[in-house]
$ cat input-v2.txt   # compact mmCIF, C-alpha atoms and all ligand atoms
# COMPACT_ATOMS: atom_id res chain seq x y z
CA MET A 1 0.00 0.00 0.00
CA GLU A 2 1.34 3.40 -0.97
CA LYS A 3 1.27 6.31 1.46
CA LYS A 4 0.00 9.48 -0.21
CA GLN A 5 -0.66 13.01 1.05
CA GLN A 6 -1.25 13.85 4.69
CA LEU A 7 -4.93 14.59 5.30
CA TYR A 8 -4.89 15.54 8.95
CA GLU A 9 -2.57 15.94 11.90
CA GLY A 10 -4.05 15.47 15.35
CA LYS A 11 -2.50 15.65 18.80
CA ALA A 12 -1.20 12.06 18.81
CA LYS A 13 -1.57 10.85 15.22
CA LYS A 14 -1.30 11.80 11.58
CA VAL A 15 -3.67 10.49 8.92
CA PHE A 16 -2.59 9.88 5.31
CA ALA A 17 -4.43 9.01 2.12
CA THR A 18 -3.29 5.87 0.28
CA ASP A 19 -3.51 4.48 -3.25
CA LYS A 20 -6.49 2.44 -2.05
CA SER A 21 -9.68 4.48 -1.77
CA GLU A 22 -10.95 2.30 1.10
CA CYS A 23 -7.85 2.76 3.29
CA PHE A 24 -6.08 5.47 5.26
CA ILE A 25 -2.73 5.08 6.99
CA ILE A 26 -2.47 6.37 10.54
CA GLU A 27 0.92 7.22 12.01
CA TYR A 28 1.27 7.40 15.78
CA LYS A 29 3.43 10.15 17.29
CA ASP A 30 5.31 10.41 20.59
CA ASP A 31 3.69 13.84 21.18
CA ALA A 32 1.47 14.03 24.25
CA THR A 33 -1.01 16.68 25.31
CA ALA A 34 -3.33 16.95 28.29
CA GLY A 35 -5.94 19.35 29.57
CA ASN A 36 -7.21 20.06 26.05
CA GLY A 37 -3.72 21.04 24.85
CA ALA A 38 -2.76 23.11 27.92
CA LYS A 39 0.06 20.69 28.78
CA ARG A 40 2.39 19.52 26.02
CA GLY A 41 5.25 17.09 25.95
CA SER A 42 6.63 13.94 24.44
CA ILE A 43 6.69 10.37 25.71
CA ALA A 44 9.61 8.40 24.24
CA GLY A 45 8.38 5.28 22.43
CA LYS A 46 4.69 6.13 22.91
CA GLY A 47 3.86 6.10 19.18
CA GLU A 48 5.19 2.60 18.79
CA ILE A 49 3.59 1.29 21.97
CA ASN A 50 0.15 2.78 21.25
CA ASN A 51 0.22 1.47 17.68
CA ARG A 52 1.08 -2.06 18.82
CA VAL A 53 -1.29 -2.10 21.82
CA SER A 54 -4.22 -0.63 19.89
CA ASN A 55 -3.81 -3.05 16.98
CA HIS A 56 -3.56 -5.99 19.39
CA LEU A 57 -6.75 -5.01 21.22
CA MET A 58 -8.66 -4.25 18.02
CA GLN A 59 -7.83 -7.70 16.64
CA LEU A 60 -9.08 -9.22 19.89
CA LEU A 61 -12.32 -7.23 19.59
CA GLU A 62 -12.80 -8.28 15.96
CA LYS A 63 -12.64 -11.92 17.09
CA GLN A 64 -15.37 -11.13 19.62
CA GLY A 65 -17.61 -9.69 16.90
CA VAL A 66 -16.92 -5.97 17.24
CA PRO A 67 -16.10 -4.48 13.82
CA THR A 68 -13.09 -2.14 13.88
CA HIS A 69 -11.15 0.02 11.42
CA TYR A 70 -8.03 -2.17 11.78
CA VAL A 71 -6.67 -3.51 8.47
CA LYS A 72 -2.93 -4.14 8.80
CA GLU A 73 0.07 -3.07 10.86
CA LEU A 74 2.55 -1.61 8.38
CA SER A 75 5.44 -0.60 10.65
CA ALA A 76 6.22 0.12 14.30
CA THR A 77 4.18 3.32 14.16
CA GLU A 78 1.99 2.96 11.05
CA THR A 79 -1.26 1.08 10.49
CA ALA A 80 -3.63 0.78 7.55
CA VAL A 81 -7.22 1.39 8.61
CA LYS A 82 -10.59 1.51 6.91
CA VAL A 83 -11.79 4.88 5.67
CA VAL A 84 -14.63 6.12 7.87
CA LYS A 85 -16.41 9.34 8.65
CA ILE A 86 -15.88 9.85 12.38
CA VAL A 87 -19.02 10.25 14.48
CA PRO A 88 -18.20 13.48 16.37
CA LEU A 89 -18.58 11.91 19.80
CA GLU A 90 -16.18 10.64 22.44
CA VAL A 91 -17.83 7.67 24.09
CA ILE A 92 -16.58 7.20 27.65
CA VAL A 93 -17.11 3.94 29.51
CA ARG A 94 -16.54 3.89 33.27
CA ASN A 95 -16.29 0.99 35.70
CA ILE A 96 -14.66 2.86 38.60
CA ALA A 97 -14.94 6.57 39.41
CA ALA A 98 -11.85 8.54 38.33
CA GLY A 99 -10.84 11.72 36.54
CA SER A 100 -13.62 14.12 35.55
CA LEU A 101 -16.41 11.92 36.97
CA ALA A 102 -14.80 11.75 40.41
CA LYS A 103 -14.40 15.53 40.30
CA ARG A 104 -17.92 16.24 39.03
CA LEU A 105 -19.67 14.04 41.60
CA GLY A 106 -17.28 14.58 44.50
CA LEU A 107 -16.25 10.92 44.62
CA GLU A 108 -12.93 9.57 45.76
CA GLU A 109 -10.96 8.16 42.82
CA GLY A 110 -11.24 4.39 42.90
CA THR A 111 -14.86 4.30 44.12
CA PRO A 112 -16.55 1.34 42.39
CA LEU A 113 -19.69 2.16 40.39
CA LYS A 114 -22.73 -0.10 40.92
CA LYS A 115 -23.33 -0.11 37.19
CA THR A 116 -21.14 0.65 34.16
CA VAL A 117 -21.57 4.30 33.20
CA LEU A 118 -21.68 5.44 29.58
CA GLU A 119 -21.05 9.10 28.77
CA TYR A 120 -20.88 11.05 25.53
CA CYS A 121 -18.83 14.15 24.82
CA TYR A 122 -19.18 16.27 21.69
CA LYS A 123 -15.80 16.24 19.91
CA ASP A 124 -14.91 19.92 19.67
CA ASP A 125 -11.58 21.18 21.01
CA ALA A 126 -12.68 24.82 20.96
CA LEU A 127 -15.58 23.93 23.29
CA GLY A 128 -13.44 21.60 25.41
CA ASP A 129 -15.34 18.44 24.37
CA PRO A 130 -18.53 19.17 26.39
CA LEU A 131 -20.52 16.39 28.04
CA VAL A 132 -23.78 15.79 26.14
CA ASN A 133 -26.65 13.30 26.33
CA GLU A 134 -28.83 11.37 23.85
CA TYR A 135 -31.17 14.33 23.46
CA HIS A 136 -28.37 16.72 22.46
CA ILE A 137 -27.03 14.13 20.03
CA ALA A 138 -30.43 13.67 18.36
CA ALA A 139 -31.20 17.41 18.41
CA MET A 140 -27.89 18.24 16.75
CA GLY A 141 -27.97 15.26 14.37
CA TRP A 142 -24.49 14.05 15.42
CA ALA A 143 -25.71 10.43 15.22
CA SER A 144 -29.08 8.85 14.47
CA GLU A 145 -30.90 7.05 17.27
CA ALA A 146 -30.29 3.74 15.49
CA ASP A 147 -26.54 4.42 15.14
CA LEU A 148 -26.29 5.50 18.78
CA LYS A 149 -27.93 2.24 19.85
CA VAL A 150 -25.30 0.29 17.90
CA ILE A 151 -22.52 2.44 19.39
CA ALA A 152 -23.76 1.89 22.95
CA GLY A 153 -24.11 -1.87 22.36
CA TYR A 154 -20.55 -2.14 21.01
CA SER A 155 -19.22 0.03 23.85
CA PHE A 156 -20.59 -2.34 26.53
CA LYS A 157 -19.35 -5.37 24.60
CA ILE A 158 -15.87 -3.79 24.29
CA ASN A 159 -15.89 -3.10 28.03
CA GLU A 160 -16.73 -6.72 28.87
CA THR A 161 -14.15 -8.12 26.46
CA LEU A 162 -11.32 -5.79 27.46
CA SER A 163 -12.02 -5.92 31.21
CA ALA A 164 -11.76 -9.73 31.21
CA TYR A 165 -8.71 -9.77 28.93
CA LEU A 166 -6.82 -7.11 30.89
CA LYS A 167 -7.64 -8.76 34.21
CA ASP A 168 -5.63 -11.79 33.08
CA ALA A 169 -2.70 -9.42 32.51
CA GLY A 170 -3.07 -8.02 36.04
CA ILE A 171 -4.64 -4.78 34.83
CA GLN A 172 -7.89 -3.25 36.07
CA LEU A 173 -9.79 -1.31 33.39
CA ILE A 174 -11.01 1.80 35.23
CA ASP A 175 -12.41 3.79 32.30
CA PHE A 176 -11.71 4.48 28.64
CA LYS A 177 -12.67 6.57 25.62
CA LEU A 178 -13.87 5.23 22.28
CA GLU A 179 -14.56 6.80 18.90
CA PHE A 180 -16.67 5.26 16.18
CA GLY A 181 -16.86 5.89 12.45
CA LYS A 182 -19.20 5.10 9.60
CA THR A 183 -17.93 3.31 6.50
CA PRO A 184 -19.08 4.42 3.04
CA ALA A 185 -21.38 1.34 3.17
CA GLY A 186 -23.04 2.78 6.29
CA GLU A 187 -21.57 0.36 8.83
CA ILE A 188 -20.67 1.69 12.29
CA ILE A 189 -17.19 0.45 13.29
CA LEU A 190 -14.75 1.16 16.11
CA ALA A 191 -12.11 3.72 15.03
CA ASP A 192 -9.34 5.81 16.62
CA GLU A 193 -7.22 3.91 19.19
CA ILE A 194 -7.36 1.96 22.43
CA SER A 195 -4.14 2.59 24.32
CA PRO A 196 -2.69 3.91 27.58
CA ASP A 197 -3.44 7.38 26.12
CA THR A 198 -7.17 6.67 26.05
CA CYS A 199 -7.74 4.27 28.95
CA ARG A 200 -7.11 4.25 32.68
CA PHE A 201 -5.19 1.08 33.49
CA TRP A 202 -4.41 0.29 37.14
CA ASP A 203 -2.28 -2.56 38.35
CA ILE A 204 -4.81 -4.91 39.99
CA LYS A 205 -2.73 -5.53 43.11
CA THR A 206 -0.82 -2.29 43.74
CA LYS A 207 -3.33 0.10 42.02
CA GLU A 208 -0.32 1.73 40.38
CA LYS A 209 -1.33 3.83 37.37
CA LEU A 210 -0.15 2.42 34.03
CA ASP A 211 -1.53 5.11 31.72
CA LYS A 212 -1.48 8.74 30.64
CA ASP A 213 -2.42 9.97 34.12
CA ARG A 214 1.32 9.61 34.91
CA PHE A 215 1.92 12.35 32.31
CA ARG A 216 -1.20 14.43 33.11
CA ARG A 217 -0.37 14.50 36.83
CA ASP A 218 3.46 14.57 36.62
CA LEU A 219 3.79 11.27 38.49
CA GLY A 220 7.02 10.26 36.73
CA GLY A 221 7.77 6.86 35.23
CA VAL A 222 5.61 7.62 32.18
CA GLU A 223 7.67 5.68 29.61
CA ASP A 224 8.06 2.72 31.98
CA ALA A 225 4.30 2.53 32.53
CA TYR A 226 3.54 2.47 28.77
CA ARG A 227 6.26 -0.14 28.25
CA GLU A 228 4.83 -2.26 31.08
CA VAL A 229 1.42 -2.34 29.37
CA LEU A 230 3.05 -3.43 26.09
CA LYS A 231 4.97 -6.14 27.91
CA ARG A 232 1.94 -7.47 29.78
CA LEU A 233 -0.27 -7.56 26.67
CA LEU A 234 2.13 -8.54 23.92
CA GLY A 235 4.96 -10.07 25.93
CA GLU A 236 7.58 -7.76 24.40
N1 LIG A 301 -10.10 10.38 27.57
C1 LIG A 301 -9.46 10.44 26.36
N2 LIG A 301 -9.47 11.61 25.66
C2 LIG A 301 -10.10 12.73 26.11
C3 LIG A 301 -10.75 12.66 27.36
C4 LIG A 301 -10.72 11.48 28.06
O1 LIG A 301 -8.91 9.45 25.90
O2 LIG A 301 -10.07 13.75 25.41
C5 LIG A 301 -10.11 9.12 28.34
C6 LIG A 301 -9.22 9.20 29.58
O3 LIG A 301 -7.94 8.69 29.32
C7 LIG A 301 -9.96 8.31 30.56
C8 LIG A 301 -11.43 8.43 30.13
O4 LIG A 301 -11.42 8.90 28.80
O5 LIG A 301 -9.54 6.96 30.40
C9 LIG A 301 -12.25 9.33 31.01
O6 LIG A 301 -11.63 10.58 31.09
P1 LIG A 301 -12.20 11.75 32.03
O7 LIG A 301 -13.54 12.16 31.52
O8 LIG A 301 -12.12 11.29 33.43
O9 LIG A 301 -11.29 12.98 31.73
P2 LIG A 301 -9.87 13.41 32.30
O10 LIG A 301 -9.99 13.51 33.77
O11 LIG A 301 -8.93 12.35 31.83
O12 LIG A 301 -9.69 14.71 31.60
$ encode --input "input-v2.txt" --output "structure tokens"
Amino acid sequence: MEKKQQLYEGKAKKVFATDKSECFIIEYKDDATAGNGAKRGSIAGKGEINNRVSNHLMQLLEKQGVPTHYVKELSATETAVKVVKIVPLEVIVRNIAAGSLAKRLGLEEGTPLKKTVLEYCYKDDALGDPLVNEYHIAAMGWASEADLKVIAGYSFKINETLSAYLKDAGIQLIDFKLEFGKTPAGEIILADEISPDTCRFWDIKTKEKLDKDRFRRDLGGVEDAYREVLKRLLGE
């Protein structure tokens, strides 16, 4: 597959056109941002780790019946993915209170939730990705009710699959963010990435953070934490 012109550069990835109309190539970067771009830095080896981890988890999800954009890993930091139109929502799945939910509801981080919580944020950096609900989504036409039902169903299925899989690697899945896209044929599929940038991973025993919170909160050991996740999931 031939890499053509760059279409887009985001905070953590670049997207390129290819000679195949049905594929893009995404290239993962070491760049890291937090607080909607307020904090900037770089995490050595992150691009490679997120590429490998995300592809590994997407292949696992495919086997469990969740369609994803994954096509082929092309290099340490590059992957061919299916062309989709991104649904402009961040879908957040929460098992344990942390981050913005803990803050919003005055909960101590680590408080178990009696039921898995699904949240939607409207993807708009200028607005700071505001929290929205099903009514806002329908009123604004960001996704149809039918598509949102499919998205919610996949999100719960992804949570069950990943929680069980990560548990075997000694990792507790606290919460995570998903993005979905629509193929030209109208199919909703999982897009973007699933990595320590987009999930909260805690060591089951020690509760040590193995994710981007180490960068967001200046906890140190950022590279080591990302590498530990790679090692536990892919054995490398
Ligand atoms: N998340 C993300 N991108 C965002 C916002 C959140 O990947 O722009 C992930 C984050 O890593 C965490 C989950 O979504 O696993 C929930 O994040 P939260 O709403 O608690 O926001 P935060 O406190 O991280 O800003």
$ closest_atom_pairs --input "input-v2.txt" --of "chain A" --to "ligand LIG 301 (chain A)" --cutoff "8 Å" --atoms "only C-alpha atoms and all ligand atoms" --output "JSON lines"
{"residue": "A:Ala34", "atom": "CA", "partner": "A:LIG301", "partner_atom": "O12", "distance": 7.5}
{"residue": "A:Gly35", "atom": "CA", "partner": "A:LIG301", "partner_atom": "O12", "distance": 6.3}
{"residue": "A:Asn36", "atom": "CA", "partner": "A:LIG301", "partner_atom": "O2", "distance": 7.0}
{"residue": "A:Glu90", "atom": "CA", "partner": "A:LIG301", "partner_atom": "C2", "distance": 7.4}
{"residue": "A:Ile92", "atom": "CA", "partner": "A:LIG301", "partner_atom": "O4", "distance": 5.6}
{"residue": "A:Val93", "atom": "CA", "partner": "A:LIG301", "partner_atom": "C8", "distance": 7.3}
{"residue": "A:Arg94", "atom": "CA", "partner": "A:LIG301", "partner_atom": "C9", "distance": 7.3}
{"residue": "A:Ala98", "atom": "CA", "partner": "A:LIG301", "partner_atom": "O8", "distance": 5.6}
{"residue": "A:Gly99", "atom": "CA", "partner": "A:LIG301", "partner_atom": "O8", "distance": 3.4}
{"residue": "A:Ser100", "atom": "CA", "partner": "A:LIG301", "partner_atom": "O8", "distance": 3.8}
{"residue": "A:Leu101", "atom": "CA", "partner": "A:LIG301", "partner_atom": "O8", "distance": 5.6}
{"residue": "A:Ala102", "atom": "CA", "partner": "A:LIG301", "partner_atom": "O8", "distance": 7.5}
{"residue": "A:Asp129", "atom": "CA", "partner": "A:LIG301", "partner_atom": "O2", "distance": 7.1}
{"residue": "A:Ile174", "atom": "CA", "partner": "A:LIG301", "partner_atom": "O5", "distance": 7.2}
{"residue": "A:Asp175", "atom": "CA", "partner": "A:LIG301", "partner_atom": "O5", "distance": 4.7}
{"residue": "A:Phe176", "atom": "CA", "partner": "A:LIG301", "partner_atom": "O5", "distance": 3.7}
{"residue": "A:Lys177", "atom": "CA", "partner": "A:LIG301", "partner_atom": "O4", "distance": 4.1}
{"residue": "A:Leu178", "atom": "CA", "partner": "A:LIG301", "partner_atom": "O1", "distance": 7.5}
{"residue": "A:Pro196", "atom": "CA", "partner": "A:LIG301", "partner_atom": "O3", "distance": 7.3}
{"residue": "A:Asp197", "atom": "CA", "partner": "A:LIG301", "partner_atom": "O3", "distance": 5.7}
{"residue": "A:Thr198", "atom": "CA", "partner": "A:LIG301", "partner_atom": "O1", "distance": 3.3}
{"residue": "A:Cys199", "atom": "CA", "partner": "A:LIG301", "partner_atom": "O5", "distance": 3.5}
{"residue": "A:Arg200", "atom": "CA", "partner": "A:LIG301", "partner_atom": "O5", "distance": 4.3}
{"residue": "A:Phe201", "atom": "CA", "partner": "A:LIG301", "partner_atom": "O5", "distance": 7.9}
{"residue": "A:Asp211", "atom": "CA", "partner": "A:LIG301", "partner_atom": "O3", "distance": 7.7}
{"residue": "A:Lys212", "atom": "CA", "partner": "A:LIG301", "partner_atom": "O3", "distance": 6.6}
{"residue": "A:Asp213", "atom": "CA", "partner": "A:LIG301", "partner_atom": "O11", "distance": 7.3}
$ residues_around --input "input-v2.txt" --residues "segment 131-140 of chain A" --least-positions-apart "6" --cutoff "12 Å" --atoms "only C-alpha atoms" --output "list of chain:residue names"
A:Val87, A:Pro88, A:Leu89, A:Glu90, A:Val91, A:Ile92, A:Ser100, A:Leu101, A:Arg104, A:Leu118, A:Glu119, A:Tyr120, A:Cys121, A:Tyr122, A:Lys123, A:Asp124, A:Ala146, A:Asp147, A:Leu148, A:Lys149, A:Ile151, A:Ala152
$ closest_residue --input "input-v2.txt" --among "A:Thr111, A:Ser155, A:Ser163, A:Thr183" --to "Val66 of chain A" --atoms "only C-alpha atoms"
A:Ser155
$ atom_distance --input "input-v2.txt" --atom1 "atom CA of Lys182 of chain A" --atom2 "atom CA of Ala143 of chain A"
10.1 Å
$ closest_residue --input "input-v2.txt" --among "A:Ala126, A:Ala12, A:Ala97, A:Leu190" --to "Thr33 of chain A" --atoms "only C-alpha atoms"
A:Ala12
$ closest_residue --input "input-v2.txt" --among "A:Lys3, A:Lys115, A:Lys209, A:Lys167" --to "Asp224 of chain A" --atoms "all atoms listed in the file"
A:Lys209
$ residues_near_point --input "input-v2.txt" --point "(8.1, 2.3, 19.4)" --cutoff "12 Å" --atoms "all atoms listed in the file" --output "ChimeraX atom specification"
/A:27-30,43-53,75-78,223,226-227,230,236
$ closest_residue --input "input-v2.txt" --among "A:Met58, A:Val117, A:Leu233, A:Ala80" --to "Ser21 of chain A" --atoms "only C-alpha atoms"
A:Ala80
$ atom_distance --input "input-v2.txt" --atom1 "atom CA of Lys20 of chain A" --atom2 "atom CA of Gly65 of chain A"
25.1 Å
$ closest_residue --input "input-v2.txt" --among "A:Glu109, A:Asp125, A:Asp19, A:Asp192" --to "Ser54 of chain A" --atoms "all atoms listed in the file"
A:Asp192
$ closest_residue --input "input-v2.txt" --among "A:Trp202, A:Tyr165, A:Tyr70, A:Tyr154" --to "Gly110 of chain A" --atoms "all atoms listed in the file"
A:Trp202
$ atom_distance --input "input-v2.txt" --atom1 "atom CA of Leu234 of chain A" --atom2 "atom CA of Glu179 of chain A"
23.2 Å
$ decode --input "input-v2.txt" --residues "segment 162-184 of chain A" --atoms "N, CA and C atoms" --output "short mmCIF file (atom, residue, chain, number, x, y, z; two decimals), in the first residue's frame"
data_model
loop_
_atom_site.label_atom_id
_atom_site.label_comp_id
_atom_site.auth_asym_id
_atom_site.auth_seq_id
_atom_site.Cartn_x
_atom_site.Cartn_y
_atom_site.Cartn_z
N LEU A 162 -12.61 -6.32 27.02
CA LEU A 162 -11.32 -5.79 27.46
C LEU A 162 -11.11 -5.97 28.96
N SER A 163 -12.17 -5.78 29.75
CA SER A 163 -12.02 -5.92 31.21
C SER A 163 -11.53 -7.32 31.55
N ALA A 164 -12.13 -8.34 30.93
CA ALA A 164 -11.76 -9.73 31.21
C ALA A 164 -10.34 -10.00 30.72
N TYR A 165 -10.02 -9.53 29.52
CA TYR A 165 -8.71 -9.77 28.93
C TYR A 165 -7.60 -9.11 29.75
N LEU A 166 -7.83 -7.86 30.15
CA LEU A 166 -6.82 -7.11 30.89
C LEU A 166 -6.63 -7.68 32.29
N LYS A 167 -7.72 -8.18 32.87
CA LYS A 167 -7.64 -8.76 34.21
C LYS A 167 -6.61 -9.90 34.23
N ASP A 168 -6.60 -10.69 33.17
CA ASP A 168 -5.63 -11.79 33.08
C ASP A 168 -4.20 -11.28 33.00
N ALA A 169 -4.04 -10.02 32.58
CA ALA A 169 -2.70 -9.42 32.51
C ALA A 169 -2.42 -8.59 33.77
N GLY A 170 -3.28 -8.74 34.78
CA GLY A 170 -3.07 -8.02 36.04
C GLY A 170 -3.41 -6.54 35.97
N ILE A 171 -4.28 -6.19 35.02
CA ILE A 171 -4.64 -4.78 34.83
C ILE A 171 -6.14 -4.60 35.04
N GLN A 172 -6.48 -3.58 35.85
CA GLN A 172 -7.89 -3.25 36.07
C GLN A 172 -8.27 -2.12 35.10
N LEU A 173 -9.34 -2.33 34.34
CA LEU A 173 -9.79 -1.31 33.39
C LEU A 173 -10.75 -0.36 34.11
N ILE A 174 -10.26 0.81 34.44
CA ILE A 174 -11.01 1.80 35.23
C ILE A 174 -12.03 2.52 34.36
N ASP A 175 -11.54 3.10 33.26
CA ASP A 175 -12.41 3.79 32.30
C ASP A 175 -11.66 3.92 30.98
N PHE A 176 -12.37 4.29 29.93
CA PHE A 176 -11.71 4.48 28.64
C PHE A 176 -12.60 5.28 27.70
N LYS A 177 -11.98 5.76 26.63
CA LYS A 177 -12.67 6.57 25.62
C LYS A 177 -12.65 5.86 24.28
N LEU A 178 -13.78 5.84 23.60
CA LEU A 178 -13.87 5.23 22.28
C LEU A 178 -14.35 6.26 21.25
N GLU A 179 -13.97 6.02 20.00
CA GLU A 179 -14.56 6.80 18.90
C GLU A 179 -15.00 5.82 17.83
N PHE A 180 -16.12 6.12 17.23
CA PHE A 180 -16.67 5.26 16.18
C PHE A 180 -16.72 6.04 14.86
N GLY A 181 -16.75 5.27 13.77
CA GLY A 181 -16.86 5.89 12.45
C GLY A 181 -17.86 5.13 11.62
N LYS A 182 -18.25 5.74 10.51
CA LYS A 182 -19.20 5.10 9.60
C LYS A 182 -18.50 4.86 8.28
N THR A 183 -18.55 3.64 7.79
CA THR A 183 -17.93 3.31 6.50
C THR A 183 -18.82 3.87 5.38
N PRO A 184 -18.26 3.95 4.17
CA PRO A 184 -19.08 4.42 3.04
C PRO A 184 -20.32 3.53 2.85
#
